[in-house]
Amino acid sequence: TLVSCVCVCVCVCSSAVLSMASVLQKLITPLSSGPLEPPRSKVTVVGVGQVGMACAVSVLLRELADELALVDVIEDKLKGEMMDLQHGSLFLKTPKIVSGKDYSVTANSRIVVVTAGVRQQEGESRLNLVQRNVNIFKHIIPQIVRYSPNCILIVVSNPVDVLTYVTWKLSGLPKHRVIGSGTNLDSARFRYLMAERLGIHPSSFNGWILGEHGDSSVPVWSGTNVAGVSLQKLNPDIGKDTDRENWKETHKKVVDSAYEVIRLKGYTNWAIGLSVADLTESLMKNLNRVHPVSTMVKGMYGISDEVYLSLPCVLNSAGVGSVVNMSLTSDEVSQLKKSADMLWHIQKDLKDL
Amino acid sequence: MASTKEKLIAHVSKEGPAGPTNKVTVVGVGMVGMAAAVSILLKDLTDELALVDVMEDKLKGEAMDLQHGSLFLKTHKIVADKDYSVTANSKVVVVTAGARQQEGESRLNLVQRNVNIFKFIIPNIIKYSPNCILLVVSNPVDILTYVAWKLSGLPRNRVIGSGTNLDSARFRYLMGEKLGIHPSSCHGWVIGEHGDSSVPVWSGVNVAGVSLQGLNPDMGTDKDKEDWKSVHKMVVDSAYEVIKLKGYTSWAIGMSVADLCESILKNLRKCHPVSTLVKGMHGVNEEVFLSVPCILGNSGLTDVVHMTLKSDEVKQLVKSAETLWGVQKELTL
């Protein structure tokens, strides 16, 4: 690599009989010596498919990391992606971009984003992907933790709630350091669609989708508001089948979104990439912002199994600092419980965790 | 019975909605087009983004995927259609449409395929944005910028080729790696033809104004012990290398396009190596486009910086011009 050229120039010149100082030596006088400082805000992305690269590019363009590492098993693709990003270095503020099949390149990461695994096929539900991805994770997770024992893991691969549980088990990390991207994206889509209907920016529309990422996600209608004005108070039928304005349709569109985009372009990547960068920002900058992400919910809302579901979590540099206790209707609670049961039903049969 | 929206929000403005102030259109939603679109969005450069392509499903899917990220962006309107009416009133139109280089294929081989595509695209763009600035990215970029200029009828300041902006970025990255310095502090200009025959201007290579060639007079020659010439060779080989490894290049070109758009949309008058009409400069007599340092602002490419080139550098530019003209004169426009 060219980084090693710096060291070679210095060594060759100090031992050469004809001491022809290199351009580097003539140009630059080093002042501080000693080992290089380790990175302070390193991000690793595991998997350089469309989702992984969208996450990587979003993290780079948001200037969140001082080092980015990419890992995958397809070596050519991995090297090509790394080079393509490196060639954009002039336009970025991330001075070191590395990659390798070997996890040693990921050492000292603060945040590791796991996107590896096979993707949903057209029409395939997320739950069908499970065992395929569990087997991949058995190889990945222990290696990540070996090289970055203090990292925070963000799991993106689907089915995300199950795989976040799997990751937690395989990593041995405390539960607050293992996060699933969960319904962060569903909520972003929800806020976009609701805001479009109202003619305002998504960030000014507040609404939370919780629970299971995907078909059984729960829109918390009681919390939907603009400037603190509750939409449900203005329209008590909101979210119900009796609602003349059919706001429930908006949640349905959120659930169908992924399938729709997959049908049209083969996969989704940009929105999930942006949402992961958003989570990364809160974690990296210790912001204590609240995000709907997948966390271990045993003991909440009457759930007695070790499952991961999305709830509003306060994210900071330690990971999930705390969870906001949402006031949910009994119907919403029973939907969460039902999701929990379904997830546990799958999880209990997974082998070798 | 007032709707939820009516109960929530009272419309008070008597004016209708204002149009976009710095709209960008990206033509072609392949890997390069989408990388440019995402880079532009993440740099908050525009208040409206339009996407155009012929593949309708892919186009709609890409637009939806970007829209779903709206919460995290500051570009309120993202539209897409096969019909060019969605591109109306664009300030900058980025053209990435066309066939891409295959592994080992040179850029010049792509020409006629892409000329035919441009004959459809360019007039449609101009129809809806007669005052836009065209930024051509499709390869071979120098020839296609010429083609776009001819087909558009726009004055030469409004038709810009991405040219050696990317080559120079790659050069500065590699130079930075060699010196242990950030690329933005490493100055070096690669000009001329984007691709195999680009010209690294060694006399201009510097850090903090200190000329590297001044420190190493052999720089760029075959007898240079430090083999800086290979840095330029790596730049030329870069695209082929990345294509061989991942099938195409996207991220770097996408970011470099956003960098150019920023200078244009914010009227920065920054100097970039981009492809412009060079007839009459450096001994070039043909109507060809080559990259030289140009000043970019909101009326496009307004000025060219005249570099002091060595005779062999001038010779290379003249030779590129002849090659390009040789291809251009055979084109049916």
# chains A, B, ... in the order shown; residues from 1 in each chain; ligands from 1
$ residues_around --residues "A:Arg189" --least-positions-apart "6" --cutoff "10 Å" --atoms "only C-alpha atoms" --output "PyMOL selection string"
(chain A and resi 183+195+202+209+250-251+253-255+257+271) or (chain B and resi 64-65+67-71)
$ write_last_selection --atoms "N, CA, C and O atoms" --output "PDB file, in the first residue's frame"
ATOM      1  N   THR A 183     -37.267  -0.246  14.019  1.00  0.00           N
ATOM      2  CA  THR A 183     -38.291   0.552  13.336  1.00  0.00           C
ATOM      3  C   THR A 183     -37.836   1.997  13.123  1.00  0.00           C
ATOM      4  O   THR A 183     -38.657   2.878  12.870  1.00  0.00           O
ATOM      5  N   ALA A 195     -46.179  13.519   6.865  1.00  0.00           N
ATOM      6  CA  ALA A 195     -45.840  14.928   6.632  1.00  0.00           C
ATOM      7  C   ALA A 195     -46.242  15.362   5.229  1.00  0.00           C
ATOM      8  O   ALA A 195     -46.698  16.488   5.031  1.00  0.00           O
ATOM      9  N   PRO A 202     -40.845  16.305   7.245  1.00  0.00           N
ATOM     10  CA  PRO A 202     -40.954  15.137   8.133  1.00  0.00           C
ATOM     11  C   PRO A 202     -40.456  15.390   9.549  1.00  0.00           C
ATOM     12  O   PRO A 202     -40.993  14.831  10.505  1.00  0.00           O
ATOM     13  N   ILE A 209     -43.350   4.496  15.269  1.00  0.00           N
ATOM     14  CA  ILE A 209     -43.734   3.121  14.963  1.00  0.00           C
ATOM     15  C   ILE A 209     -42.823   2.241  15.791  1.00  0.00           C
ATOM     16  O   ILE A 209     -41.599   2.415  15.777  1.00  0.00           O
ATOM     17  N   THR A 250     -51.751   5.025   5.733  1.00  0.00           N
ATOM     18  CA  THR A 250     -50.369   5.503   5.767  1.00  0.00           C
ATOM     19  C   THR A 250     -49.462   4.478   6.439  1.00  0.00           C
ATOM     20  O   THR A 250     -48.352   4.228   5.976  1.00  0.00           O
ATOM     21  N   HIS A 251     -49.955   3.863   7.513  1.00  0.00           N
ATOM     22  CA  HIS A 251     -49.123   2.847   8.154  1.00  0.00           C
ATOM     23  C   HIS A 251     -48.969   1.640   7.244  1.00  0.00           C
ATOM     24  O   HIS A 251     -47.899   1.035   7.152  1.00  0.00           O
ATOM     25  N   LYS A 253     -48.884   1.679   4.077  1.00  0.00           N
ATOM     26  CA  LYS A 253     -47.886   2.024   3.065  1.00  0.00           C
ATOM     27  C   LYS A 253     -46.465   1.865   3.609  1.00  0.00           C
ATOM     28  O   LYS A 253     -45.559   1.468   2.888  1.00  0.00           O
ATOM     29  N   VAL A 254     -46.292   2.168   4.879  1.00  0.00           N
ATOM     30  CA  VAL A 254     -44.967   1.998   5.491  1.00  0.00           C
ATOM     31  C   VAL A 254     -44.572   0.523   5.452  1.00  0.00           C
ATOM     32  O   VAL A 254     -43.468   0.171   5.036  1.00  0.00           O
ATOM     33  N   VAL A 255     -45.499  -0.336   5.857  1.00  0.00           N
ATOM     34  CA  VAL A 255     -45.220  -1.780   5.873  1.00  0.00           C
ATOM     35  C   VAL A 255     -44.920  -2.279   4.472  1.00  0.00           C
ATOM     36  O   VAL A 255     -43.994  -3.074   4.260  1.00  0.00           O
ATOM     37  N   SER A 257     -43.773  -0.525   2.007  1.00  0.00           N
ATOM     38  CA  SER A 257     -42.663   0.220   1.385  1.00  0.00           C
ATOM     39  C   SER A 257     -41.522  -0.642   0.910  1.00  0.00           C
ATOM     40  O   SER A 257     -41.093  -0.542  -0.227  1.00  0.00           O
ATOM     41  N   ALA A 271     -32.433   4.862   2.014  1.00  0.00           N
ATOM     42  CA  ALA A 271     -33.136   5.260   3.241  1.00  0.00           C
ATOM     43  C   ALA A 271     -32.547   4.555   4.466  1.00  0.00           C
ATOM     44  O   ALA A 271     -32.335   5.176   5.507  1.00  0.00           O
TER      45      ALA A 271
ATOM     46  N   MET B  64     -38.337   6.610  -4.644  1.00  0.00           N
ATOM     47  CA  MET B  64     -39.012   6.256  -3.383  1.00  0.00           C
ATOM     48  C   MET B  64     -37.995   6.050  -2.268  1.00  0.00           C
ATOM     49  O   MET B  64     -38.180   6.514  -1.147  1.00  0.00           O
ATOM     50  N   ASP B  65     -36.924   5.338  -2.600  1.00  0.00           N
ATOM     51  CA  ASP B  65     -35.899   5.037  -1.597  1.00  0.00           C
ATOM     52  C   ASP B  65     -35.299   6.337  -1.051  1.00  0.00           C
ATOM     53  O   ASP B  65     -35.082   6.477   0.156  1.00  0.00           O
ATOM     54  N   GLN B  67     -36.805   9.328  -1.138  1.00  0.00           N
ATOM     55  CA  GLN B  67     -37.882  10.034  -0.422  1.00  0.00           C
ATOM     56  C   GLN B  67     -38.041   9.493   0.991  1.00  0.00           C
ATOM     57  O   GLN B  67     -38.286  10.241   1.928  1.00  0.00           O
ATOM     58  N   HIS B  68     -37.875   8.178   1.137  1.00  0.00           N
ATOM     59  CA  HIS B  68     -38.028   7.573   2.463  1.00  0.00           C
ATOM     60  C   HIS B  68     -36.956   8.059   3.427  1.00  0.00           C
ATOM     61  O   HIS B  68     -37.084   7.889   4.628  1.00  0.00           O
ATOM     62  N   GLY B  69     -35.901   8.638   2.887  1.00  0.00           N
ATOM     63  CA  GLY B  69     -34.862   9.192   3.759  1.00  0.00           C
ATOM     64  C   GLY B  69     -35.066  10.668   4.030  1.00  0.00           C
ATOM     65  O   GLY B  69     -34.219  11.300   4.659  1.00  0.00           O
ATOM     66  N   SER B  70     -36.183  11.250   3.580  1.00  0.00           N
ATOM     67  CA  SER B  70     -36.429  12.692   3.698  1.00  0.00           C
ATOM     68  C   SER B  70     -36.267  13.245   5.095  1.00  0.00           C
ATOM     69  O   SER B  70     -35.858  14.388   5.281  1.00  0.00           O
ATOM     70  N   LEU B  71     -36.615  12.442   6.096  1.00  0.00           N
ATOM     71  CA  LEU B  71     -36.489  12.894   7.481  1.00  0.00           C
ATOM     72  C   LEU B  71     -35.073  13.354   7.773  1.00  0.00           C
ATOM     73  O   LEU B  71     -34.836  14.266   8.556  1.00  0.00           O
TER      74      LEU B  71
END
$ interface_residues --of "chain B" --to "chain A" --cutoff "8 Å" --atoms "only C-alpha atoms" --output "short mmCIF file (atom, residue, chain, number, x, y, z; two decimals) with C-alpha atoms, in the first residue's frame"
data_model
loop_
_atom_site.label_atom_id
_atom_site.label_comp_id
_atom_site.auth_asym_id
_atom_site.auth_seq_id
_atom_site.Cartn_x
_atom_site.Cartn_y
_atom_site.Cartn_z
CA SER B 3 -60.46 17.40 7.96
CA THR B 4 -57.69 16.72 10.48
CA LYS B 5 -55.37 18.79 8.33
CA LYS B 7 -58.25 21.58 12.03
CA LEU B 8 -54.50 21.43 12.55
CA VAL B 38 -26.92 10.96 -2.82
CA SER B 39 -23.78 13.10 -2.57
CA LEU B 42 -26.09 14.78 1.77
CA LYS B 43 -24.35 18.06 1.05
CA ASP B 57 -39.56 0.77 -12.38
CA LYS B 58 -35.94 1.31 -11.42
CA LEU B 59 -36.50 5.07 -11.58
CA LYS B 60 -39.56 4.98 -9.35
CA GLY B 61 -37.84 2.63 -6.89
CA GLU B 62 -34.80 4.88 -6.58
CA MET B 64 -39.01 6.26 -3.38
CA ASP B 65 -35.90 5.04 -1.60
CA LEU B 66 -34.52 8.59 -1.48
CA GLN B 67 -37.88 10.03 -0.42
CA HIS B 68 -38.03 7.57 2.46
CA GLY B 69 -34.86 9.19 3.76
CA SER B 70 -36.43 12.69 3.70
CA LEU B 71 -36.49 12.89 7.48
CA PHE B 72 -32.70 12.97 7.42
CA HIS B 76 -37.92 18.76 0.49
CA ALA B 169 -8.88 14.07 -6.95
CA ARG B 170 -7.37 10.60 -7.32
CA ARG B 172 -4.19 14.25 -4.82
CA TYR B 173 -5.37 11.26 -2.78
CA LEU B 174 -2.39 9.16 -3.91
CA GLU B 177 -0.92 8.86 0.90
CA LYS B 178 2.71 9.14 -0.22
CA LEU B 179 3.32 12.21 1.94
CA GLY B 180 1.10 11.43 4.91
CA HIS B 182 -4.68 15.11 3.68
CA PRO B 183 -5.47 15.32 -0.06
CA SER B 184 -6.90 18.82 0.31
CA VAL B 210 6.54 24.47 -1.99
CA LEU B 212 7.79 19.31 -5.24
CA LEU B 215 12.80 19.67 -4.51
CA ASN B 216 13.06 16.81 -7.01
CA GLU B 226 10.97 7.96 -6.21
CA GLU B 241 -8.85 -1.36 -11.54
CA VAL B 242 -12.05 -0.52 -9.67
CA ILE B 243 -14.18 -1.75 -12.59
CA LYS B 244 -12.29 -5.04 -12.54
CA LEU B 245 -12.87 -5.41 -8.79
CA LYS B 246 -16.45 -4.23 -8.30
CA THR B 249 -17.01 3.04 -10.25
CA SER B 250 -19.53 5.26 -8.51
CA TRP B 251 -18.66 6.82 -5.17
CA ALA B 252 -15.66 8.93 -6.14
CA ILE B 253 -17.23 10.29 -9.32
CA MET B 255 -18.63 12.99 -4.78
CA SER B 256 -16.63 14.88 -7.38
CA ASP B 259 -18.17 19.18 -5.48
#
$ select_by_dssp --residues "stretch 19-176 of chain A" --states "helix (DSSP H, G or I)" --output "PyMOL selection string"
chain A and resi 23-27+50-61+75-86+89-91+103-106+126-147+160-171+175-176
$ select_by_dssp --residues "stretch 138-281 of chain A" --states "strand (DSSP E or B)" --output "PyMOL selection string"
chain A and resi 152-155+178-180+206+209-211+217-219+225-226+229-230
$ write_last_selection --atoms "all heavy atoms" --output "CSV table (one decimal), in the first residue's frame"
chain,number,residue,atom,x,y,z
A,152,ILE,N,-20.1,-0.6,20.2
A,152,ILE,CA,-21.6,-0.7,20.1
A,152,ILE,C,-21.9,-1.4,18.8
A,152,ILE,O,-21.4,-0.9,17.8
A,152,ILE,CB,-22.2,0.7,20.3
A,152,ILE,CG1,-21.9,1.3,21.6
A,152,ILE,CG2,-23.7,0.6,20.1
A,152,ILE,CD1,-22.2,2.8,21.7
A,153,LEU,N,-22.8,-2.4,18.8
A,153,LEU,CA,-23.1,-3.1,17.6
A,153,LEU,C,-24.5,-2.6,17.1
A,153,LEU,O,-25.5,-2.5,17.9
A,153,LEU,CB,-23.2,-4.6,17.9
A,153,LEU,CG,-21.9,-5.3,17.9
A,153,LEU,CD1,-22.1,-6.7,18.6
A,153,LEU,CD2,-21.5,-5.6,16.4
A,154,ILE,N,-24.6,-2.2,15.9
A,154,ILE,CA,-25.9,-1.9,15.3
A,154,ILE,C,-26.2,-3.0,14.3
A,154,ILE,O,-25.4,-3.1,13.3
A,154,ILE,CB,-25.9,-0.5,14.5
A,154,ILE,CG1,-25.5,0.6,15.5
A,154,ILE,CG2,-27.2,-0.2,13.9
A,154,ILE,CD1,-25.4,2.0,14.8
A,155,VAL,N,-27.2,-3.7,14.5
A,155,VAL,CA,-27.6,-4.8,13.6
A,155,VAL,C,-28.6,-4.3,12.6
A,155,VAL,O,-29.6,-3.7,13.0
A,155,VAL,CB,-28.1,-6.0,14.4
A,155,VAL,CG1,-28.5,-7.1,13.4
A,155,VAL,CG2,-27.1,-6.5,15.4
A,178,VAL,N,-26.0,-3.5,22.3
A,178,VAL,CA,-26.4,-4.2,21.1
A,178,VAL,C,-27.7,-3.7,20.6
A,178,VAL,O,-28.7,-3.8,21.4
A,178,VAL,CB,-26.5,-5.7,21.3
A,178,VAL,CG1,-26.9,-6.4,20.0
A,178,VAL,CG2,-25.2,-6.3,21.8
A,179,ILE,N,-27.7,-3.0,19.5
A,179,ILE,CA,-28.9,-2.3,19.1
A,179,ILE,C,-29.4,-2.8,17.7
A,179,ILE,O,-28.5,-3.1,16.8
A,179,ILE,CB,-28.6,-0.8,18.9
A,179,ILE,CG1,-28.1,-0.2,20.2
A,179,ILE,CG2,-29.8,0.0,18.4
A,179,ILE,CD1,-27.5,1.2,20.0
A,180,GLY,N,-30.6,-2.9,17.5
A,180,GLY,CA,-31.1,-3.3,16.2
A,180,GLY,C,-31.7,-2.0,15.5
A,180,GLY,O,-32.3,-1.2,16.1
A,206,ASN,N,-44.3,14.5,14.3
A,206,ASN,CA,-43.8,13.5,15.3
A,206,ASN,C,-44.7,12.3,15.3
A,206,ASN,O,-45.9,12.4,15.4
A,206,ASN,CB,-43.7,14.1,16.7
A,206,ASN,CG,-42.7,15.2,16.7
A,206,ASN,OD1,-41.5,15.0,16.4
A,206,ASN,ND2,-43.2,16.4,16.9
A,209,ILE,N,-43.3,4.5,15.3
A,209,ILE,CA,-43.7,3.1,15.0
A,209,ILE,C,-42.8,2.2,15.8
A,209,ILE,O,-41.6,2.4,15.8
A,209,ILE,CB,-43.6,2.8,13.5
A,209,ILE,CG1,-44.6,3.6,12.7
A,209,ILE,CG2,-43.8,1.3,13.2
A,209,ILE,CD1,-44.8,3.3,11.2
A,210,LEU,N,-43.4,1.3,16.5
A,210,LEU,CA,-42.7,0.5,17.5
A,210,LEU,C,-42.9,-1.0,17.2
A,210,LEU,O,-43.6,-1.3,16.3
A,210,LEU,CB,-43.1,0.9,18.9
A,210,LEU,CG,-43.0,2.3,19.4
A,210,LEU,CD1,-43.5,2.4,20.8
A,210,LEU,CD2,-41.6,2.8,19.2
A,211,GLY,N,-42.2,-1.7,18.0
A,211,GLY,CA,-42.4,-3.2,18.0
A,211,GLY,C,-41.6,-3.9,16.9
A,211,GLY,O,-40.4,-3.6,16.8
A,217,SER,N,-45.4,-4.1,12.6
A,217,SER,CA,-45.0,-2.9,13.4
A,217,SER,C,-46.3,-2.2,13.9
A,217,SER,O,-47.4,-2.3,13.3
A,217,SER,CB,-44.2,-2.0,12.5
A,217,SER,OG,-44.9,-1.5,11.4
A,218,VAL,N,-46.1,-1.5,15.0
A,218,VAL,CA,-47.2,-0.8,15.7
A,218,VAL,C,-47.1,0.7,15.6
A,218,VAL,O,-46.3,1.3,16.2
A,218,VAL,CB,-47.2,-1.2,17.2
A,218,VAL,CG1,-48.4,-0.6,17.9
A,218,VAL,CG2,-47.2,-2.8,17.3
A,219,PRO,N,-48.1,1.3,14.9
A,219,PRO,CA,-48.1,2.8,14.8
A,219,PRO,C,-48.8,3.3,16.1
A,219,PRO,O,-49.9,3.0,16.3
A,219,PRO,CB,-48.9,3.1,13.6
A,219,PRO,CG,-49.8,2.0,13.4
A,219,PRO,CD,-49.2,0.8,14.0
A,225,ASN,N,-48.2,13.9,16.5
A,225,ASN,CA,-48.5,15.3,16.8
A,225,ASN,C,-47.7,16.2,15.9
A,225,ASN,O,-46.6,15.8,15.4
A,225,ASN,CB,-48.3,15.6,18.2
A,225,ASN,CG,-46.9,15.7,18.6
A,225,ASN,OD1,-46.2,16.7,18.5
A,225,ASN,ND2,-46.3,14.5,19.1
A,226,VAL,N,-48.2,17.4,15.7
A,226,VAL,CA,-47.4,18.5,15.1
A,226,VAL,C,-47.4,19.6,16.1
A,226,VAL,O,-48.5,20.0,16.6
A,226,VAL,CB,-48.0,18.9,13.8
A,226,VAL,CG1,-47.3,20.1,13.2
A,226,VAL,CG2,-48.0,17.8,12.8
A,229,VAL,N,-49.6,19.3,19.0
A,229,VAL,CA,-51.0,19.2,18.9
A,229,VAL,C,-51.3,17.7,18.5
A,229,VAL,O,-50.9,17.3,17.4
A,229,VAL,CB,-51.6,20.1,17.8
A,229,VAL,CG1,-53.1,20.0,17.6
A,229,VAL,CG2,-51.2,21.6,18.2
A,230,SER,N,-52.0,17.0,19.3
A,230,SER,CA,-52.2,15.6,19.0
A,230,SER,C,-53.2,15.4,17.9
A,230,SER,O,-54.3,16.0,17.9
A,230,SER,CB,-52.8,14.9,20.3
A,230,SER,OG,-53.5,13.7,20.0
$ residues_around --residues "B:Gly188" --least-positions-apart "6" --cutoff "8 Å" --atoms "only C-alpha atoms" --output "number ranges by chain"
B: 168, 171-172, 200-202, 204-206
$ residues_around --residues "B:Val24" --least-positions-apart "3" --cutoff "8 Å" --atoms "only C-alpha atoms" --output "PyMOL selection string"
chain B and resi 46+48-50+90-94
$ residues_around --residues "A:Tyr103" --least-positions-apart "5" --cutoff "12 Å" --atoms "only C-alpha atoms" --output "list of chain:residue names"
A:Thr44, A:Val45, A:Val46, A:Gly47, A:Ala69, A:Leu70, A:Val71, A:Asp72, A:Val73, A:Val98, A:Asn108, A:Ser109, A:Val112, A:His139, A:Ile140, A:Ile141, A:Pro142, A:Gln143, A:Ile144, A:Val145, A:Arg146, A:Tyr147, A:Ser148
